[in-house]
>>> print(open('work21.txt').read())   # compact mmCIF, N, CA, C and O atoms
# COMPACT_ATOMS: atom_id res chain seq x y z
N MET A 2 100.44 70.04 87.51
CA MET A 2 100.89 71.14 88.34
C MET A 2 102.33 71.48 87.97
O MET A 2 103.15 70.59 87.76
N GLY A 3 102.64 72.74 87.90
CA GLY A 3 103.98 73.17 87.54
C GLY A 3 104.96 72.99 88.68
O GLY A 3 104.60 72.70 89.82
N SER A 4 106.20 73.19 88.38
CA SER A 4 107.24 73.03 89.39
C SER A 4 107.30 74.28 90.27
O SER A 4 106.74 75.33 89.96
N LEU A 5 107.99 74.13 91.38
CA LEU A 5 108.20 75.25 92.29
C LEU A 5 108.92 76.39 91.58
O LEU A 5 108.57 77.56 91.74
N ARG A 6 109.89 76.04 90.77
CA ARG A 6 110.65 77.05 90.02
C ARG A 6 109.74 77.83 89.08
O ARG A 6 109.78 79.06 89.03
N THR A 7 108.90 77.12 88.33
CA THR A 7 108.01 77.77 87.37
C THR A 7 107.02 78.68 88.08
O THR A 7 106.79 79.82 87.65
N LEU A 8 106.44 78.19 89.17
CA LEU A 8 105.49 79.01 89.93
C LEU A 8 106.16 80.26 90.48
O LEU A 8 105.61 81.37 90.38
N HIS A 9 107.34 80.10 91.04
CA HIS A 9 108.05 81.23 91.62
C HIS A 9 108.38 82.28 90.55
O HIS A 9 108.15 83.48 90.75
N LEU A 10 108.90 81.83 89.42
CA LEU A 10 109.24 82.78 88.36
C LEU A 10 108.00 83.44 87.78
O LEU A 10 108.03 84.63 87.43
N PHE A 11 106.91 82.71 87.68
CA PHE A 11 105.66 83.30 87.20
C PHE A 11 105.20 84.41 88.15
O PHE A 11 104.81 85.50 87.70
N LEU A 12 105.24 84.15 89.45
CA LEU A 12 104.80 85.17 90.41
C LEU A 12 105.72 86.39 90.41
O LEU A 12 105.25 87.53 90.55
N VAL A 13 107.01 86.18 90.24
CA VAL A 13 107.94 87.31 90.15
C VAL A 13 107.65 88.12 88.88
O VAL A 13 107.62 89.36 88.92
N LEU A 14 107.39 87.45 87.78
CA LEU A 14 107.09 88.14 86.52
C LEU A 14 105.80 88.94 86.63
O LEU A 14 105.74 90.10 86.20
N VAL A 15 104.78 88.37 87.24
CA VAL A 15 103.52 89.10 87.44
C VAL A 15 103.75 90.32 88.33
O VAL A 15 103.21 91.41 88.06
N SER A 16 104.56 90.17 89.36
CA SER A 16 104.87 91.30 90.25
C SER A 16 105.60 92.41 89.51
O SER A 16 105.32 93.61 89.74
N ILE A 17 106.52 92.05 88.62
CA ILE A 17 107.24 93.05 87.84
C ILE A 17 106.27 93.82 86.94
O ILE A 17 106.31 95.05 86.87
N VAL A 18 105.40 93.09 86.26
CA VAL A 18 104.43 93.73 85.36
C VAL A 18 103.50 94.66 86.15
O VAL A 18 103.24 95.80 85.74
N LEU A 19 103.00 94.20 87.29
CA LEU A 19 102.10 95.03 88.09
C LEU A 19 102.80 96.28 88.62
O LEU A 19 102.21 97.37 88.65
N ALA A 20 104.05 96.14 89.03
CA ALA A 20 104.80 97.30 89.51
C ALA A 20 105.00 98.31 88.39
O ALA A 20 104.86 99.53 88.59
N ASP A 21 105.30 97.83 87.18
CA ASP A 21 105.47 98.74 86.04
C ASP A 21 104.16 99.42 85.65
O ASP A 21 104.14 100.62 85.36
N VAL A 22 103.07 98.67 85.65
CA VAL A 22 101.77 99.25 85.30
C VAL A 22 101.37 100.30 86.33
O VAL A 22 100.92 101.40 85.98
N PHE A 23 101.56 99.99 87.61
CA PHE A 23 101.23 100.97 88.64
C PHE A 23 102.11 102.21 88.53
O PHE A 23 101.63 103.34 88.66
N GLY A 24 103.40 102.01 88.27
CA GLY A 24 104.31 103.15 88.13
C GLY A 24 103.92 104.04 86.96
O GLY A 24 103.92 105.27 87.08
N ALA A 25 103.56 103.43 85.84
CA ALA A 25 103.13 104.22 84.68
C ALA A 25 101.84 104.96 84.99
O ALA A 25 101.69 106.14 84.62
N TRP A 26 100.90 104.30 85.65
CA TRP A 26 99.64 104.96 86.01
C TRP A 26 99.89 106.13 86.95
O TRP A 26 99.33 107.21 86.77
N ALA A 27 100.73 105.93 87.97
CA ALA A 27 100.98 106.97 88.95
C ALA A 27 101.63 108.20 88.31
O ALA A 27 101.24 109.33 88.59
N ILE A 28 102.57 107.98 87.43
CA ILE A 28 103.24 109.11 86.77
C ILE A 28 102.28 109.81 85.81
O ILE A 28 102.25 111.04 85.73
N ALA A 29 101.47 109.04 85.08
CA ALA A 29 100.49 109.66 84.18
C ALA A 29 99.44 110.45 84.97
O ALA A 29 99.05 111.55 84.57
N GLU A 30 99.01 109.91 86.08
CA GLU A 30 98.02 110.60 86.92
C GLU A 30 98.62 111.86 87.54
O GLU A 30 97.94 112.87 87.72
N GLN A 31 99.90 111.81 87.84
CA GLN A 31 100.57 112.97 88.44
C GLN A 31 100.60 114.14 87.48
O GLN A 31 100.54 115.28 87.91
N THR A 32 100.65 113.87 86.19
CA THR A 32 100.65 114.97 85.23
C THR A 32 99.33 115.72 85.23
O THR A 32 99.29 116.90 84.87
N HIS A 33 98.26 115.06 85.65
CA HIS A 33 96.95 115.71 85.72
C HIS A 33 96.72 116.40 87.07
O HIS A 33 96.13 117.48 87.13
N THR A 34 97.16 115.77 88.14
CA THR A 34 96.88 116.30 89.48
C THR A 34 98.02 117.13 90.05
O THR A 34 97.81 117.88 90.99
N HIS A 35 99.22 116.96 89.53
CA HIS A 35 100.43 117.65 90.02
C HIS A 35 100.70 117.33 91.49
O HIS A 35 101.17 118.17 92.24
N ASP A 36 100.36 116.10 91.88
CA ASP A 36 100.58 115.64 93.25
C ASP A 36 101.96 114.99 93.34
O ASP A 36 102.23 114.01 92.64
N LEU A 37 102.80 115.52 94.18
CA LEU A 37 104.17 115.01 94.31
C LEU A 37 104.19 113.57 94.84
O LEU A 37 105.07 112.78 94.47
N THR A 38 103.22 113.20 95.66
CA THR A 38 103.16 111.85 96.20
C THR A 38 103.02 110.82 95.09
O THR A 38 103.65 109.75 95.14
N LEU A 39 102.22 111.10 94.09
CA LEU A 39 102.06 110.17 92.97
C LEU A 39 103.36 110.01 92.19
O LEU A 39 103.70 108.91 91.76
N LEU A 40 104.08 111.10 92.02
CA LEU A 40 105.36 111.02 91.31
C LEU A 40 106.36 110.15 92.08
O LEU A 40 107.03 109.29 91.50
N ILE A 41 106.42 110.34 93.38
CA ILE A 41 107.32 109.55 94.22
C ILE A 41 106.92 108.08 94.19
O ILE A 41 107.77 107.19 94.05
N CYS A 42 105.62 107.80 94.30
CA CYS A 42 105.14 106.41 94.25
C CYS A 42 105.44 105.77 92.90
O CYS A 42 105.79 104.59 92.84
N GLY A 43 105.30 106.53 91.82
CA GLY A 43 105.58 106.00 90.50
C GLY A 43 107.04 105.61 90.34
O GLY A 43 107.35 104.52 89.87
N TRP A 44 107.93 106.49 90.73
CA TRP A 44 109.36 106.18 90.61
C TRP A 44 109.77 105.08 91.57
O TRP A 44 110.62 104.24 91.23
N ALA A 45 109.18 105.06 92.76
CA ALA A 45 109.47 103.98 93.71
C ALA A 45 109.01 102.64 93.15
O ALA A 45 109.68 101.61 93.32
N SER A 46 107.89 102.64 92.46
CA SER A 46 107.39 101.42 91.85
C SER A 46 108.34 100.91 90.77
O SER A 46 108.57 99.70 90.65
N PHE A 47 108.89 101.81 89.98
CA PHE A 47 109.88 101.39 88.97
C PHE A 47 111.15 100.85 89.63
O PHE A 47 111.75 99.91 89.14
N ALA A 48 111.54 101.45 90.76
CA ALA A 48 112.71 100.95 91.49
C ALA A 48 112.45 99.54 92.02
O ALA A 48 113.33 98.67 91.95
N VAL A 49 111.25 99.31 92.52
CA VAL A 49 110.88 97.97 93.00
C VAL A 49 110.90 96.99 91.84
O VAL A 49 111.34 95.84 91.99
N SER A 50 110.45 97.43 90.68
CA SER A 50 110.46 96.57 89.50
C SER A 50 111.88 96.14 89.14
O SER A 50 112.13 94.96 88.86
N PHE A 51 112.82 97.06 89.17
CA PHE A 51 114.21 96.72 88.89
C PHE A 51 114.78 95.78 89.96
O PHE A 51 115.54 94.87 89.65
N ALA A 52 114.40 96.00 91.21
CA ALA A 52 114.84 95.11 92.28
C ALA A 52 114.27 93.71 92.07
O ALA A 52 114.97 92.70 92.30
N LEU A 53 113.03 93.61 91.62
CA LEU A 53 112.42 92.31 91.35
C LEU A 53 113.11 91.61 90.19
O LEU A 53 113.23 90.38 90.19
N ILE A 54 113.56 92.35 89.20
CA ILE A 54 114.31 91.75 88.09
C ILE A 54 115.61 91.14 88.63
O ILE A 54 115.97 90.01 88.30
N GLY A 55 116.30 91.88 89.47
CA GLY A 55 117.52 91.36 90.08
C GLY A 55 117.24 90.14 90.94
O GLY A 55 117.98 89.16 90.91
N TYR A 56 116.15 90.18 91.69
CA TYR A 56 115.77 89.03 92.51
C TYR A 56 115.45 87.82 91.63
O TYR A 56 115.84 86.70 91.95
N GLY A 57 114.75 88.05 90.53
CA GLY A 57 114.42 86.96 89.62
C GLY A 57 115.67 86.30 89.06
O GLY A 57 115.75 85.07 88.99
N LEU A 58 116.65 87.09 88.67
CA LEU A 58 117.91 86.53 88.17
C LEU A 58 118.66 85.77 89.25
O LEU A 58 119.21 84.70 89.01
N TRP A 59 118.63 86.32 90.46
CA TRP A 59 119.32 85.66 91.58
C TRP A 59 118.68 84.31 91.89
O TRP A 59 119.37 83.32 92.10
N VAL A 60 117.36 84.27 91.91
CA VAL A 60 116.67 83.04 92.28
C VAL A 60 116.83 81.98 91.18
O VAL A 60 116.91 80.78 91.49
N VAL A 61 116.92 82.39 89.92
CA VAL A 61 117.16 81.42 88.85
C VAL A 61 118.52 80.76 89.06
O VAL A 61 118.65 79.53 88.95
N ARG A 62 119.53 81.56 89.37
CA ARG A 62 120.86 80.98 89.63
C ARG A 62 120.83 80.07 90.85
O ARG A 62 121.46 79.00 90.86
N LYS A 63 120.11 80.46 91.88
CA LYS A 63 120.02 79.64 93.09
C LYS A 63 119.33 78.32 92.79
O LYS A 63 119.76 77.26 93.26
N PHE A 64 118.24 78.35 92.03
CA PHE A 64 117.56 77.12 91.64
C PHE A 64 118.46 76.23 90.78
O PHE A 64 118.44 75.01 90.93
N ASP A 65 119.23 76.84 89.90
CA ASP A 65 120.14 76.06 89.06
C ASP A 65 121.22 75.37 89.90
O ASP A 65 121.56 74.20 89.66
N ARG A 66 121.79 76.09 90.85
CA ARG A 66 122.85 75.52 91.70
C ARG A 66 122.30 74.39 92.58
O ARG A 66 122.99 73.42 92.83
N GLY A 67 121.07 74.56 93.05
CA GLY A 67 120.49 73.55 93.92
C GLY A 67 119.75 72.45 93.20
O GLY A 67 119.19 71.56 93.83
N HIS A 68 119.72 72.55 91.88
CA HIS A 68 119.00 71.57 91.05
C HIS A 68 117.54 71.43 91.49
O HIS A 68 117.02 70.33 91.63
N ILE A 69 116.91 72.58 91.74
CA ILE A 69 115.52 72.60 92.18
C ILE A 69 114.62 72.74 90.96
O ILE A 69 114.83 73.61 90.13
N GLU A 70 113.67 71.88 90.85
CA GLU A 70 112.72 71.93 89.72
C GLU A 70 111.50 72.59 90.20
O GLU A 70 110.56 72.73 90.40
>>> encode(input="work21.txt", output="structure tokens")
Amino acid sequence: MGSLRTLHLFLVLVSIVLADVFGAWAIAEQTHTHDLTLLICGWASFAVSFALIGYGLWVVRKFDRGHIE
């Protein structure tokens, strides 16, 4: 079984990838339907992805300071 740190970082990474994939899908779909809601959801998803990257970096530093494996 992996460590708490490894599991946490894996889940954050999966969340980043899923947010990016959804954002790309929403923006691509918006070009076909011209639905403003899809465009907003796509850009919001990319914003969440950037926030998750910041969270991932923050949690790595926190784990390092606390010597959490």
>>> atom_distance(input="work21.txt", atom1="atom C of Gly43 in chain A", atom2="CA of Gly55 in chain A")
17.7 Å
>>> atom_distance(input="work21.txt", atom1="CA of Ala25 in chain A", atom2="CA of Ser46 in chain A")
8.8 Å
>>> residues_around(input="work21.txt", residues="Leu40 in chain A", least_positions_apart="3", cutoff="8 Å", atoms="all atoms listed in the file", output="list in words")
Gly24, Ala27, Ile28, Ala29, Glu30, Gln31, Thr32, His35, Asp36, Leu37, Gly43, Trp44, Ala45, Ser46 and Phe47 of chain A
>>> atom_distance(input="work21.txt", atom1="CA of Val15 in chain A", atom2="CA of Val60 in chain A")
15.3 Å
>>> residues_around(input="work21.txt", residues="Ile54 in chain A", least_positions_apart="6", cutoff="7 Å", atoms="all atoms listed in the file", output="ChimeraX atom specification")
/A:13,17,48,60
>>> axis_aligned_box(input="work21.txt", around="range 36-49 of chain A", padding_each_side="4 Å", output="JSON")
{"center_x": 106.8, "center_y": 106.0, "center_z": 92.6, "size_x": 21.0, "size_y": 28.3, "size_z": 15.2}
>>> residues_around(input="work21.txt", residues="Ser50 in chain A", least_positions_apart="6", cutoff="6 Å", atoms="all atoms listed in the file", output="VMD selection string")
chain A and resid 16 to 17 20 to 21
>>> closest_residue(input="work21.txt", among="A:Leu5, A:Trp26, A:Gly67, A:Gly57", to="Leu39 in chain A", atoms="all atoms listed in the file")
A:Trp26
>>> build_atoms(input="work21.txt", residues="range 31-42 of chain A", atoms="all heavy atoms", output="short mmCIF file (atom, residue, chain, number, x, y, z; two decimals), in the frame of the given file")
data_model
loop_
_atom_site.label_atom_id
_atom_site.label_comp_id
_atom_site.auth_asym_id
_atom_site.auth_seq_id
_atom_site.Cartn_x
_atom_site.Cartn_y
_atom_site.Cartn_z
N GLN A 31 99.90 111.81 87.84
CA GLN A 31 100.57 112.97 88.44
C GLN A 31 100.60 114.14 87.48
O GLN A 31 100.54 115.28 87.91
CB GLN A 31 101.99 112.57 88.86
CG GLN A 31 102.72 113.61 89.67
CD GLN A 31 103.46 114.65 88.84
OE1 GLN A 31 103.78 114.43 87.69
NE2 GLN A 31 103.71 115.78 89.45
N THR A 32 100.65 113.87 86.19
CA THR A 32 100.65 114.97 85.23
C THR A 32 99.33 115.72 85.23
O THR A 32 99.29 116.90 84.87
CB THR A 32 100.96 114.48 83.80
OG1 THR A 32 99.95 113.55 83.41
CG2 THR A 32 102.33 113.83 83.72
N HIS A 33 98.26 115.06 85.65
CA HIS A 33 96.95 115.71 85.72
C HIS A 33 96.72 116.40 87.07
O HIS A 33 96.13 117.48 87.13
CB HIS A 33 95.82 114.70 85.49
CG HIS A 33 95.87 114.05 84.15
ND1 HIS A 33 95.69 114.75 82.97
CD2 HIS A 33 96.09 112.77 83.79
CE1 HIS A 33 95.80 113.92 81.95
NE2 HIS A 33 96.05 112.71 82.42
N THR A 34 97.16 115.77 88.14
CA THR A 34 96.88 116.30 89.48
C THR A 34 98.02 117.13 90.05
O THR A 34 97.81 117.88 90.99
CB THR A 34 96.59 115.15 90.46
OG1 THR A 34 97.75 114.32 90.58
CG2 THR A 34 95.40 114.32 89.99
N HIS A 35 99.22 116.96 89.53
CA HIS A 35 100.43 117.65 90.02
C HIS A 35 100.70 117.33 91.49
O HIS A 35 101.17 118.17 92.24
CB HIS A 35 100.33 119.16 89.80
CG HIS A 35 100.10 119.52 88.37
ND1 HIS A 35 101.04 119.32 87.41
CD2 HIS A 35 99.01 120.03 87.73
CE1 HIS A 35 100.56 119.71 86.23
NE2 HIS A 35 99.31 120.13 86.41
N ASP A 36 100.36 116.10 91.88
CA ASP A 36 100.58 115.64 93.25
C ASP A 36 101.96 114.99 93.34
O ASP A 36 102.23 114.01 92.64
CB ASP A 36 99.48 114.66 93.64
CG ASP A 36 99.57 114.22 95.08
OD1 ASP A 36 100.36 114.81 95.84
OD2 ASP A 36 98.85 113.27 95.45
N LEU A 37 102.80 115.52 94.18
CA LEU A 37 104.17 115.01 94.31
C LEU A 37 104.19 113.57 94.84
O LEU A 37 105.07 112.78 94.47
CB LEU A 37 104.98 115.91 95.24
CG LEU A 37 106.45 115.56 95.43
CD1 LEU A 37 107.19 115.61 94.09
CD2 LEU A 37 107.09 116.48 96.42
N THR A 38 103.22 113.20 95.66
CA THR A 38 103.16 111.85 96.20
C THR A 38 103.02 110.82 95.09
O THR A 38 103.65 109.75 95.14
CB THR A 38 101.98 111.72 97.18
OG1 THR A 38 102.09 112.73 98.18
CG2 THR A 38 101.96 110.36 97.83
N LEU A 39 102.22 111.10 94.09
CA LEU A 39 102.06 110.17 92.97
C LEU A 39 103.36 110.01 92.19
O LEU A 39 103.70 108.91 91.76
CB LEU A 39 100.95 110.64 92.03
CG LEU A 39 99.53 110.42 92.52
CD1 LEU A 39 98.54 111.10 91.58
CD2 LEU A 39 99.23 108.95 92.63
N LEU A 40 104.08 111.10 92.02
CA LEU A 40 105.36 111.02 91.31
C LEU A 40 106.36 110.15 92.08
O LEU A 40 107.03 109.29 91.50
CB LEU A 40 105.94 112.42 91.10
CG LEU A 40 107.22 112.51 90.30
CD1 LEU A 40 106.99 112.04 88.86
CD2 LEU A 40 107.75 113.93 90.31
N ILE A 41 106.42 110.34 93.38
CA ILE A 41 107.32 109.55 94.22
C ILE A 41 106.92 108.08 94.19
O ILE A 41 107.77 107.19 94.05
CB ILE A 41 107.35 110.10 95.66
CG1 ILE A 41 108.00 111.48 95.67
CG2 ILE A 41 108.06 109.15 96.60
CD1 ILE A 41 107.86 112.23 96.97
N CYS A 42 105.62 107.80 94.30
CA CYS A 42 105.14 106.41 94.25
C CYS A 42 105.44 105.77 92.90
O CYS A 42 105.79 104.59 92.84
CB CYS A 42 103.64 106.36 94.54
SG CYS A 42 103.22 106.63 96.26
#
